[in-house]
file upload_29.txt (compact mmCIF, C-alpha atoms)
# COMPACT_ATOMS: atom_id res chain seq x y z
CA MET A 9 179.07 69.41 47.12
CA ASP A 10 177.63 70.38 43.74
CA LYS A 11 173.86 69.83 43.46
CA LYS A 12 174.42 67.77 40.31
CA ASP A 13 176.24 65.20 42.42
CA THR A 14 173.36 64.65 44.84
CA HIS A 15 169.88 63.16 44.67
CA TYR A 16 168.40 66.13 46.49
CA ARG A 17 165.51 67.90 44.72
CA GLU A 18 164.21 71.21 45.97
CA ARG A 19 160.45 71.00 46.45
CA ILE A 20 158.10 72.46 43.83
CA ARG A 21 156.30 75.41 45.37
CA PHE A 22 152.66 76.19 44.64
CA THR A 23 152.64 79.75 43.27
CA LEU A 24 150.02 82.40 42.55
CA LYS A 25 150.32 81.64 38.84
CA MET A 26 149.57 77.97 39.53
CA LYS A 27 146.49 78.98 41.54
CA LYS A 28 144.83 80.20 38.34
CA GLU A 29 145.62 77.11 36.29
CA TYR A 30 145.97 74.11 38.61
CA THR A 31 143.41 71.71 40.07
CA ILE A 32 144.12 70.92 43.71
CA LEU A 33 143.28 67.35 44.72
CA ILE A 34 142.30 66.58 48.32
CA PRO A 35 142.21 63.11 49.96
CA GLU A 36 138.67 61.76 50.40
CA MET A 37 137.35 62.55 53.89
CA ALA A 38 134.14 64.04 55.32
CA LYS A 39 132.37 64.48 51.97
CA LEU A 40 129.47 66.32 53.55
CA HIS A 41 131.75 68.91 55.13
CA PHE A 42 133.81 69.23 51.94
CA ALA A 43 130.66 69.91 49.90
CA LEU A 44 130.20 73.04 52.04
CA ILE A 45 133.86 74.10 52.15
CA LYS A 46 134.47 73.64 48.40
CA PRO A 47 132.48 76.73 47.29
CA ILE A 48 134.35 78.78 49.90
CA LEU A 49 137.69 77.81 48.37
CA ASN A 50 136.32 78.27 44.85
CA ARG A 51 135.27 81.78 45.82
CA GLN A 52 138.90 82.65 46.57
CA GLY A 53 140.05 81.35 43.19
CA PHE A 54 141.06 77.77 44.01
CA ARG A 55 139.92 74.82 41.92
CA VAL A 56 139.61 71.92 44.34
CA GLU A 57 138.32 68.39 43.98
CA LEU A 58 138.01 65.43 46.35
CA MET A 59 139.69 62.19 45.29
CA ASP A 60 137.40 59.19 45.62
CA ALA A 61 139.32 56.31 44.00
CA GLU A 62 139.13 53.10 46.01
CA GLY A 63 139.60 49.37 45.67
CA PRO A 64 142.47 46.85 45.65
CA GLU A 65 144.22 48.53 42.72
CA VAL A 66 144.49 51.79 44.70
CA ILE A 67 146.04 49.97 47.67
CA GLN A 68 148.43 48.07 45.39
CA LYS A 69 149.55 51.34 43.82
CA GLY A 70 150.26 52.72 47.28
CA LEU A 71 152.17 49.58 48.25
CA LYS A 72 154.28 49.88 45.09
CA TYR A 73 155.74 53.21 46.17
CA VAL A 74 155.33 53.22 49.98
CA HIS A 75 156.81 50.76 52.48
CA ASN A 76 154.13 48.45 53.87
CA ASP A 77 154.90 49.23 57.51
CA ILE A 78 153.94 52.88 57.12
CA CYS A 79 150.63 54.14 58.54
CA TYR A 80 147.69 52.87 56.45
CA PRO A 81 146.21 56.34 55.71
CA ALA A 82 149.53 57.42 54.16
CA LEU A 83 149.65 54.31 51.98
CA LEU A 84 146.00 54.68 50.92
CA ILE A 85 146.25 58.41 50.17
CA THR A 86 149.42 57.89 48.11
CA GLY A 87 147.56 55.26 46.10
CA GLN A 88 144.60 57.63 45.64
CA MET A 89 146.87 60.43 44.46
CA LEU A 90 148.70 58.28 41.91
CA THR A 91 145.43 56.76 40.68
CA ALA A 92 143.98 60.24 40.18
CA ILE A 93 146.97 61.56 38.26
CA GLU A 94 147.08 58.46 36.03
CA SER A 95 143.32 58.40 35.41
CA GLY A 96 143.49 60.73 32.41
CA LYS A 97 141.01 63.08 34.07
CA TYR A 98 143.68 65.66 34.88
CA ASP A 99 146.68 67.16 33.12
CA PRO A 100 149.67 65.90 35.20
CA HIS A 101 151.34 69.26 34.60
CA LYS A 102 148.36 71.18 36.02
CA VAL A 103 147.65 69.27 39.23
CA ALA A 104 148.66 69.90 42.85
CA MET A 105 148.17 67.68 45.90
CA VAL A 106 147.28 68.59 49.48
CA ILE A 107 148.35 66.65 52.56
CA THR A 108 148.31 67.57 56.25
CA GLN A 109 151.31 68.10 58.50
CA SER A 110 150.36 67.93 62.17
CA GLY A 111 153.66 69.32 63.43
CA GLY A 112 153.44 66.97 66.42
CA GLY A 113 154.37 63.39 67.22
CA CYS A 114 152.22 61.88 64.45
CA ARG A 115 154.24 60.61 61.51
CA ASP A 116 151.98 62.53 59.13
CA SER A 117 154.38 65.44 59.58
CA ASN A 118 156.73 63.47 57.31
CA TYR A 119 154.20 62.04 54.83
CA ILE A 120 154.51 64.98 52.48
CA HIS A 121 158.21 64.14 51.93
CA LEU A 122 157.40 60.45 51.51
CA MET A 123 154.73 61.26 48.90
CA ARG A 124 157.01 63.58 46.96
CA LYS A 125 159.51 60.73 46.79
CA ALA A 126 156.77 58.33 45.62
CA PHE A 127 155.73 60.74 42.85
CA GLU A 128 159.34 61.18 41.79
CA LYS A 129 159.74 57.40 41.48
CA ALA A 130 156.45 57.14 39.58
CA GLY A 131 157.60 59.71 37.03
CA TYR A 132 155.80 62.84 38.29
CA PRO A 133 158.57 64.86 39.98
CA ASP A 134 157.07 68.27 39.15
CA VAL A 135 153.73 67.90 40.95
CA PRO A 136 153.49 70.48 43.78
CA PHE A 137 152.53 69.20 47.23
CA ILE A 138 150.78 71.70 49.49
CA SER A 139 151.21 71.30 53.23
CA ALA A 140 148.02 71.93 55.23
CA ASN A 141 149.34 72.98 58.63
CA VAL A 142 149.04 75.78 61.16
CA TRP A 143 152.66 75.66 62.34
CA GLY A 144 154.37 77.41 59.43
CA LEU A 145 156.21 74.23 58.42
CA GLU A 146 156.08 75.06 54.70
CA PHE A 147 155.14 78.19 52.78
CA ASN A 148 153.55 78.43 49.33
CA SER A 149 152.84 81.86 47.86
CA GLY A 150 149.78 80.54 46.01
CA VAL A 151 148.04 79.52 49.24
CA ASN A 152 147.02 83.01 50.25
CA LEU A 153 143.98 82.25 52.40
CA THR A 154 142.46 85.36 53.95
CA PRO A 155 141.14 85.48 57.55
CA ARG A 156 137.65 85.81 56.04
CA THR A 157 138.11 82.57 54.05
CA LEU A 158 139.39 80.75 57.16
CA LEU A 159 136.37 81.91 59.18
CA MET A 160 134.05 80.80 56.38
CA ALA A 161 135.78 77.39 56.30
CA LEU A 162 135.24 77.09 60.06
CA ALA A 163 131.57 77.95 59.53
CA GLY A 164 131.38 75.31 56.78
CA MET A 165 132.76 72.71 59.19
CA ILE A 166 130.15 73.67 61.82
CA TYR A 167 127.30 73.45 59.30
CA GLY A 168 128.68 70.09 58.17
CA ASP A 169 128.70 68.84 61.77
CA MET A 170 125.10 69.96 62.22
CA LEU A 171 123.88 68.22 59.06
CA MET A 172 125.86 65.06 59.85
CA ILE A 173 124.67 64.74 63.45
CA LEU A 174 121.00 65.49 62.77
CA SER A 175 120.71 63.42 59.59
CA ASN A 176 122.19 60.36 61.32
CA GLN A 177 119.52 60.65 64.03
CA VAL A 178 116.62 61.15 61.62
CA ARG A 179 117.39 58.93 58.60
CA PRO A 180 116.97 55.52 60.37
CA TYR A 181 113.44 56.46 61.47
CA GLU A 182 112.06 58.54 58.58
CA VAL A 183 108.53 57.68 57.45
CA HIS A 184 109.25 58.65 53.86
CA PRO A 185 112.69 57.31 52.81
CA GLY A 186 114.85 59.93 51.14
CA GLU A 187 113.49 62.99 52.97
CA THR A 188 116.60 63.33 55.11
CA ASP A 189 118.98 63.22 52.15
CA ALA A 190 116.76 65.69 50.29
CA ALA A 191 117.02 68.07 53.25
CA ILE A 192 120.82 67.72 53.22
CA GLU A 193 120.99 68.58 49.51
CA ARG A 194 118.65 71.52 50.04
CA TRP A 195 120.85 72.96 52.77
CA ILE A 196 124.13 72.37 50.93
CA GLU A 197 122.74 74.31 47.98
CA ARG A 198 121.33 77.07 50.18
CA LEU A 199 124.51 77.47 52.24
CA GLY A 200 126.58 77.43 49.04
CA ARG A 201 124.57 80.42 47.77
CA ILE A 202 125.06 82.22 51.09
CA PHE A 203 128.82 81.62 51.02
CA ALA A 204 128.99 82.76 47.38
CA LYS A 205 127.73 86.14 48.58
CA GLY A 206 130.42 86.26 51.27
CA ARG A 207 127.94 85.77 54.11
CA GLY A 208 126.94 83.17 56.69
CA PHE A 209 130.19 82.93 58.65
CA MET A 210 129.68 85.36 61.54
CA PRO A 211 128.35 83.98 64.87
CA ARG A 212 124.88 85.53 64.54
CA ALA A 213 124.46 84.21 61.01
CA ILE A 214 125.68 80.75 62.05
CA ASP A 215 123.26 80.71 64.98
CA ARG A 216 120.37 81.77 62.73
CA ASN A 217 121.16 79.15 60.10
CA LEU A 218 121.66 76.36 62.64
CA LYS A 219 118.28 77.17 64.17
CA ALA A 220 116.69 76.84 60.72
CA ILE A 221 118.51 73.56 60.02
CA ALA A 222 117.41 72.04 63.35
CA LYS A 223 113.82 73.14 62.76
CA ASP A 224 113.87 71.64 59.25
CA PHE A 225 115.16 68.24 60.39
CA ALA A 226 112.87 68.16 63.43
CA ALA A 227 109.91 68.57 61.06
CA ILE A 228 110.75 65.41 59.06
CA PRO A 229 108.12 62.76 59.97
CA ILE A 230 109.70 59.84 61.83
CA ARG A 231 108.50 56.60 63.33
CA LYS A 232 110.58 55.71 66.38
CA ALA A 233 111.43 52.04 66.77
CA PRO A 234 113.98 50.24 68.96
CA LYS A 235 117.32 50.19 67.14
CA VAL A 236 120.88 49.41 68.09
CA LYS A 237 122.73 52.69 68.57
CA VAL A 238 126.39 52.68 67.53
CA ALA A 239 129.05 55.37 67.94
CA VAL A 240 132.19 55.53 65.79
CA VAL A 241 135.34 56.87 67.48
CA GLY A 242 139.06 56.65 66.80
CA GLU A 243 141.67 57.98 64.39
CA LEU A 244 140.50 61.07 62.49
CA PHE A 245 141.03 59.98 58.86
CA LEU A 246 139.55 56.50 59.30
CA LYS A 247 136.60 57.90 61.22
CA TYR A 248 135.49 60.25 58.45
CA SER A 249 136.85 58.64 55.27
CA MET A 250 134.52 56.17 53.56
CA THR A 251 137.43 54.90 51.49
CA GLY A 252 139.55 54.43 54.60
CA ASN A 253 136.93 52.63 56.73
CA ASN A 254 135.37 50.56 53.93
CA HIS A 255 132.07 52.49 54.04
CA LEU A 256 131.55 51.76 57.74
CA GLU A 257 128.55 54.07 58.15
CA GLU A 258 126.76 52.46 55.21
CA PHE A 259 127.46 48.99 56.62
CA LEU A 260 126.08 49.92 60.04
CA ALA A 261 122.98 51.47 58.43
CA ALA A 262 122.46 48.23 56.48
CA GLN A 263 122.53 46.39 59.84
CA ASP A 264 119.58 48.59 60.94
CA CYS A 265 121.64 50.70 63.34
CA GLU A 266 121.52 54.37 64.27
CA VAL A 267 125.04 55.77 63.95
CA PHE A 268 126.57 58.66 65.89
CA MET A 269 129.60 60.40 64.39
CA PRO A 270 131.34 62.89 66.74
CA SER A 271 131.77 66.45 65.52
CA MET A 272 134.86 67.59 63.63
CA LEU A 273 134.71 70.89 65.54
CA GLY A 274 135.14 68.95 68.78
CA PHE A 275 138.27 67.31 67.41
CA GLY A 276 139.63 70.71 66.36
CA ILE A 277 139.10 72.02 69.90
CA TYR A 278 140.79 68.91 71.32
CA LYS A 279 143.87 69.46 69.12
CA THR A 280 144.09 73.15 70.04
CA ASN A 281 143.73 72.21 73.70
CA GLY A 282 146.56 69.69 73.22
CA ALA A 283 148.86 72.43 71.93
CA LEU A 284 148.03 74.54 75.00
CA GLU A 285 148.67 71.59 77.32
CA ASP A 286 152.09 71.12 75.69
CA LEU A 287 152.92 74.75 76.44
CA ARG A 288 151.76 74.30 80.04
CA LEU A 289 153.79 71.12 80.54
CA TYR A 290 156.92 71.92 78.55
CA GLY A 291 156.96 75.70 78.19
CA GLY A 292 157.06 77.85 75.07
CA LYS A 293 156.68 81.34 73.68
CA PRO A 294 154.05 83.51 75.45
CA VAL A 295 152.81 84.88 72.12
CA LYS A 296 152.02 81.33 70.93
CA LYS A 297 150.03 80.72 74.10
CA TRP A 298 148.13 83.98 73.63
CA ILE A 299 147.23 83.12 70.01
CA LEU A 300 146.05 79.63 70.98
CA GLU A 301 143.92 81.03 73.82
CA VAL A 302 142.23 83.45 71.41
CA VAL A 303 141.57 80.60 68.96
CA MET A 304 140.16 78.49 71.81
CA ARG A 305 137.73 81.25 72.84
CA VAL A 306 136.45 81.53 69.26
CA MET A 307 136.06 77.76 68.95
CA PHE A 308 134.36 77.43 72.34
CA HIS A 309 131.86 80.08 71.27
CA MET A 310 131.16 78.24 68.01
CA GLU A 311 130.87 74.94 69.91
CA ASP A 312 128.28 76.48 72.23
CA ILE A 313 126.22 77.73 69.26
CA LEU A 314 126.28 74.27 67.64
CA ILE A 315 125.37 72.35 70.80
CA ARG A 316 122.68 74.80 71.96
CA ASN A 317 120.81 74.48 68.69
CA ILE A 318 120.88 70.68 68.84
CA GLU A 319 119.85 70.60 72.52
CA ALA A 320 116.86 72.81 71.72
CA TYR A 321 115.06 69.66 70.50
CA ASP A 322 114.50 66.75 72.86
CA GLN A 323 114.59 64.19 70.04
CA PHE A 324 118.21 65.04 69.19
CA THR A 325 121.39 64.03 71.05
CA ALA A 326 124.13 66.65 71.04
CA PRO A 327 127.85 65.99 71.42
CA GLU A 328 129.34 66.90 74.77
CA ARG A 329 131.41 70.04 75.21
CA VAL A 330 135.14 69.36 75.10
CA ASN A 331 135.74 70.94 78.53
CA THR A 332 133.25 68.42 79.98
CA LEU A 333 134.96 65.60 78.09
CA LYS A 334 138.27 66.56 79.71
CA LYS A 335 136.73 65.95 83.14
CA ARG A 336 135.70 62.44 82.04
CA ALA A 337 139.32 61.67 81.20
CA ASP A 338 140.48 62.63 84.70
CA GLY A 339 141.81 59.53 86.44
CA VAL A 340 141.61 57.50 83.23
CA ILE A 341 144.42 58.95 81.14
CA GLY A 342 146.54 62.08 81.44
CA ILE A 343 145.30 65.23 79.72
CA GLY A 344 148.83 65.77 78.43
CA ASN A 345 148.49 62.56 76.40
CA SER A 346 147.47 63.80 72.95
CA MET A 347 149.15 61.29 70.62
CA GLY A 348 146.93 58.97 68.59
CA GLU A 349 143.83 60.91 69.69
CA GLY A 350 145.09 60.51 73.27
CA TRP A 351 142.62 61.13 76.07
CA TYR A 352 139.91 62.16 73.61
CA VAL A 353 139.01 58.58 72.59
CA ALA A 354 138.60 57.29 76.17
CA ALA A 355 136.52 60.34 77.14
CA GLU A 356 134.35 59.96 74.02
CA MET A 357 133.62 56.30 74.79
CA LEU A 358 132.43 57.24 78.29
CA GLU A 359 130.37 60.11 76.85
CA MET A 360 128.76 57.90 74.21
CA ALA A 361 127.68 55.33 76.78
CA ASP A 362 125.97 58.06 78.83
CA SER A 363 124.26 59.35 75.70
CA GLY A 364 122.74 55.96 74.84
CA TYR A 365 125.38 54.87 72.30
CA GLU A 366 127.09 52.24 74.44
CA ASN A 367 127.91 50.13 71.37
CA ILE A 368 131.15 51.54 69.97
CA VAL A 369 133.35 50.87 66.95
CA CYS A 370 136.91 52.13 67.54
CA VAL A 371 138.77 52.55 64.23
CA GLN A 372 142.55 52.59 64.07
CA PRO A 373 145.16 52.34 61.30
CA PHE A 374 147.86 49.73 61.12
CA GLY A 375 151.25 51.29 61.72
CA CYS A 376 150.07 53.84 64.29
CA LEU A 377 151.44 52.83 67.70
CA PRO A 378 149.90 55.82 69.56
CA SER A 379 146.43 54.86 68.27
CA HIS A 380 146.95 51.31 69.51
CA VAL A 381 147.86 52.63 72.96
CA SER A 382 144.99 55.12 73.21
CA ILE A 383 142.38 52.71 71.78
CA LYS A 384 143.40 49.14 72.65
CA GLY A 385 144.97 50.33 75.90
CA MET A 386 141.85 52.21 76.97
CA ILE A 387 139.00 49.86 76.01
CA ASN A 388 139.35 47.55 79.01
CA LYS A 389 139.74 50.48 81.40
CA VAL A 390 136.60 52.29 80.21
CA ARG A 391 134.71 48.98 80.33
CA ARG A 392 135.65 48.65 84.00
CA ILE A 393 134.45 52.20 84.63
CA ASP A 394 131.21 51.70 82.68
CA PRO A 395 130.24 48.02 82.14
CA ARG A 396 127.55 49.08 79.65
CA ILE A 397 130.23 49.77 77.05
CA ASN A 398 130.21 47.16 74.27
CA ALA A 399 133.20 48.15 72.14
CA VAL A 400 135.21 46.58 69.34
CA ASP A 401 138.49 47.90 67.93
CA ILE A 402 138.87 47.51 64.17
CA GLU A 403 142.27 47.82 62.55
CA TYR A 404 142.49 48.93 58.93
CA ASP A 405 145.48 48.13 56.78
CA ALA A 406 146.38 46.96 53.30
CA GLY A 407 146.25 43.28 54.28
CA ALA A 408 143.02 43.35 56.30
CA THR A 409 139.91 42.09 54.51
CA LYS A 410 136.60 43.91 54.61
CA VAL A 411 134.81 40.63 55.41
CA ASN A 412 136.92 40.05 58.50
CA GLN A 413 136.35 43.61 59.71
CA GLU A 414 132.58 43.36 59.20
CA ASN A 415 132.40 39.95 60.89
CA ARG A 416 134.05 41.36 64.00
CA ILE A 417 131.59 44.26 64.00
CA LYS A 418 128.69 41.80 63.59
CA LEU A 419 129.84 39.96 66.73
CA MET A 420 129.66 43.25 68.63
CA LEU A 421 126.22 43.95 67.13
CA ALA A 422 124.99 40.49 68.18
CA VAL A 423 125.73 41.40 71.80
CA ALA A 424 124.13 44.81 71.24
CA LYS A 425 120.93 43.23 69.91
CA GLU A 426 120.76 40.88 72.90
CA ASN A 427 121.13 43.82 75.27
CA LEU A 428 118.48 45.77 73.33
CA ALA A 429 116.04 42.84 73.60
CA LYS A 430 116.64 42.58 77.35
CA ASN A 431 116.04 46.30 77.86
CA GLU A 432 112.88 46.20 75.76
call {"tool": "encode", "arguments": {"input": "upload_29.txt", "output": "structure tokens"}}
result
Amino acid sequence: MDKKDTHYRERIRFTLKMKKEYTILIPEMAKLHFALIKPILNRQGFRVELMDAEGPEVIQKGLKYVHNDICYPALLITGQMLTAIESGKYDPHKVAMVITQSGGGCRDSNYIHLMRKAFEKAGYPDVPFISANVWGLEFNSGVNLTPRTLLMALAGMIYGDMLMILSNQVRPYEVHPGETDAAIERWIERLGRIFAKGRGFMPRAIDRNLKAIAKDFAAIPIRKAPKVKVAVVGELFLKYSMTGNNHLEEFLAAQDCEVFMPSMLGFGIYKTNGALEDLRLYGGKPVKKWILEVVMRVMFHMEDILIRNIEAYDQFTAPERVNTLKKRADGVIGIGNSMGEGWYVAAEMLEMADSGYENIVCVQPFGCLPSHVSIKGMINKVRRIDPRINAVDIEYDAGATKVNQENRIKLMLAVAKENLAKNE
């Protein structure tokens, strides 16, 4: 059939020429980590910015072009993208969008096609969409990341984890309000200068810098007082996106809580482990297994550097190593279950309770059945294993109100405060 007789449009590829002229927009998530990774991408010639539009109008824009039974992150990100391109801040003919493709059972493998269709309907058919994936699902000649840049991005993620974990444990107790945030800004600027020189991404440099970061945060004067400790676990985007979770961390801080956010590196190791488990269970190419095993060794080494430098100070709580987390999942949920954060969520809840964060907010998006199974399906089981766990599952979707979500969290916090008073 002649192409003129069909509705099929070949995708717009992001080329090397576009790299020099286009601004690449990234969905809002993990702002602290992005602040460190941005100069790394800038150094290789990319112009990247994080989208931060939020509010009812963003959701309505997403609903206009995306079916309302699709996963909430897809709807929200589509609304953010369209809001950004219609804001007047960017030239619609010089903008590209980035979206992930997991390559697995998650529907986000198909979101890039859904979003292209939404942009076509909205009158922007020529905007390139870049697929962020490690499975070779789509190729764009303009995305020519070097191994050095990828290693620097990994280092940026590790530094971001360190700053996030330590700042969350210092800020609620600081004697002089603002010192923690000042330390964060200081280190983002310093690490940005290091990355600009093409340094700071090798294991020895990472170890040296993490030691200095830990020492800096440990020196901030604090006044310890009994506080409710809350961990946030669940679906990746909602866990780290302020727009997606309605500024959950800020809300918990306003309720006088200490918040623990698990590391992004740990999640990366979990996903790589999941790919290896799939090969073990279902078979696959030996070369793929070899590559994944090499990646795992590198990530395990980086994980050890991160955790060792946090554990060096008694006042800090470090995340657990992923191999130890896997043992916690034994007998609770199969290790081969990796959909919707799979065994990782149940193991994290058990870990958090042992680390003193027995009050847990589990975030999940509407429209994600695997997340419902791995979160709602696991809460009662982990409670039976460890009765200390005081967890609440919060679902985010276009029709859910922030007030209702916060009221449910407040009920969990009321129980947490009673337990804290009893222990005191």
call {"tool": "residues_around", "arguments": {"input": "upload_29.txt", "residues": "segment 207-222 of chain A", "least_positions_apart": "5", "cutoff": "7 Å", "atoms": "only C-alpha atoms", "output": "list in words"}}
result
Leu159, Met160, Ala163, Ile202, Ile313, Asn317 and Ile318 of chain A
call {"tool": "closest_residue", "arguments": {"input": "upload_29.txt", "among": "A:Ser110, A:Asn398, A:Met304, A:Asn50", "to": "Glu146 of chain A", "atoms": "all atoms listed in the file"}}
result
A:Ser110
call {"tool": "closest_residue", "arguments": {"input": "upload_29.txt", "among": "A:Lys410, A:Lys430, A:Lys279, A:Lys97", "to": "Val330 of chain A", "atoms": "all atoms listed in the file"}}
result
A:Lys279
call {"tool": "atom_distance", "arguments": {"input": "upload_29.txt", "atom1": "atom CA of Ile397 of chain A", "atom2": "atom CA of Leu171 of chain A"}}
result
26.5 Å
call {"tool": "closest_residue", "arguments": {"input": "upload_29.txt", "among": "A:Glu356, A:Val238, A:Leu287, A:Ile315", "to": "Leu428 of chain A", "atoms": "all atoms listed in the file"}}
result
A:Val238
call {"tool": "closest_residue", "arguments": {"input": "upload_29.txt", "among": "A:Met420, A:Ala320, A:Ile341, A:Val369", "to": "Lys223 of chain A", "atoms": "all atoms listed in the file"}}
result
A:Ala320
call {"tool": "closest_residue", "arguments": {"input": "upload_29.txt", "among": "A:Gln372, A:Gln323, A:Thr154, A:Ser346", "to": "Tyr404 of chain A", "atoms": "only C-alpha atoms"}}
result
A:Gln372
call {"tool": "axis_aligned_box", "arguments": {"input": "upload_29.txt", "around": "segment 202-205 of chain A", "padding_each_side": "3 Å", "output": "AutoDock Vina command-line options"}}
result
--center_x 127.0 --center_y 83.9 --center_z 49.2 --size_x 9.9 --size_y 10.5 --size_z 9.7
call {"tool": "closest_residue", "arguments": {"input": "upload_29.txt", "among": "A:Ser139, A:Asn367, A:Asn253, A:Thr409", "to": "Arg21 of chain A", "atoms": "all atoms listed in the file"}}
result
A:Ser139
call {"tool": "atom_distance", "arguments": {"input": "upload_29.txt", "atom1": "atom CA of Asn281 of chain A", "atom2": "atom CA of Ile166 of chain A"}}
result
18.1 Å
call {"tool": "residues_around", "arguments": {"input": "upload_29.txt", "residues": "segment 182-184 of chain A", "least_positions_apart": "3", "cutoff": "8 Å", "atoms": "only C-alpha atoms", "output": "PyMOL selection string"}}
result
chain A and resi 178-179+187-188+228-231
call {"tool": "residues_around", "arguments": {"input": "upload_29.txt", "residues": "Val340 of chain A", "least_positions_apart": "6", "cutoff": "8 Å", "atoms": "all atoms listed in the file", "output": "list in words"}}
result
Ala354, Lys389 and Val390 of chain A
call {"tool": "atom_distance", "arguments": {"input": "upload_29.txt", "atom1": "atom CA of Lys335 of chain A", "atom2": "atom CA of Ile277 of chain A"}}
result
14.8 Å
call {"tool": "residues_around", "arguments": {"input": "upload_29.txt", "residues": "Gly274 of chain A", "least_positions_apart": "6", "cutoff": "12 Å", "atoms": "only C-alpha atoms", "output": "list of chain:residue names"}}
result
A:Leu162, A:Met165, A:Ile166, A:Asp169, A:Leu244, A:Thr280, A:Asn281, A:Met304, A:Met307, A:Phe308, A:His309, A:Met310, A:Glu311, A:Asp312, A:Leu314, A:Ile315, A:Ala326, A:Pro327, A:Glu328, A:Arg329, A:Val330, A:Asn331, A:Thr332, A:Leu333, A:Lys334, A:Glu349, A:Tyr352, A:Val353, A:Glu356
call {"tool": "residues_around", "arguments": {"input": "upload_29.txt", "residues": "Glu94 of chain A", "least_positions_apart": "3", "cutoff": "12 Å", "atoms": "only C-alpha atoms", "output": "PyMOL selection string"}}
result
chain A and resi 61+66+69+87-91+97-101+103+127+130-132
call {"tool": "residues_near_point", "arguments": {"input": "upload_29.txt", "point": "(141.2, 66.0, 40.1)", "cutoff": "9 Å", "atoms": "only C-alpha atoms", "output": "VMD selection string"}}
result
chain A and resid 31 to 34 56 to 59 92 to 93 97 to 99 103 to 104
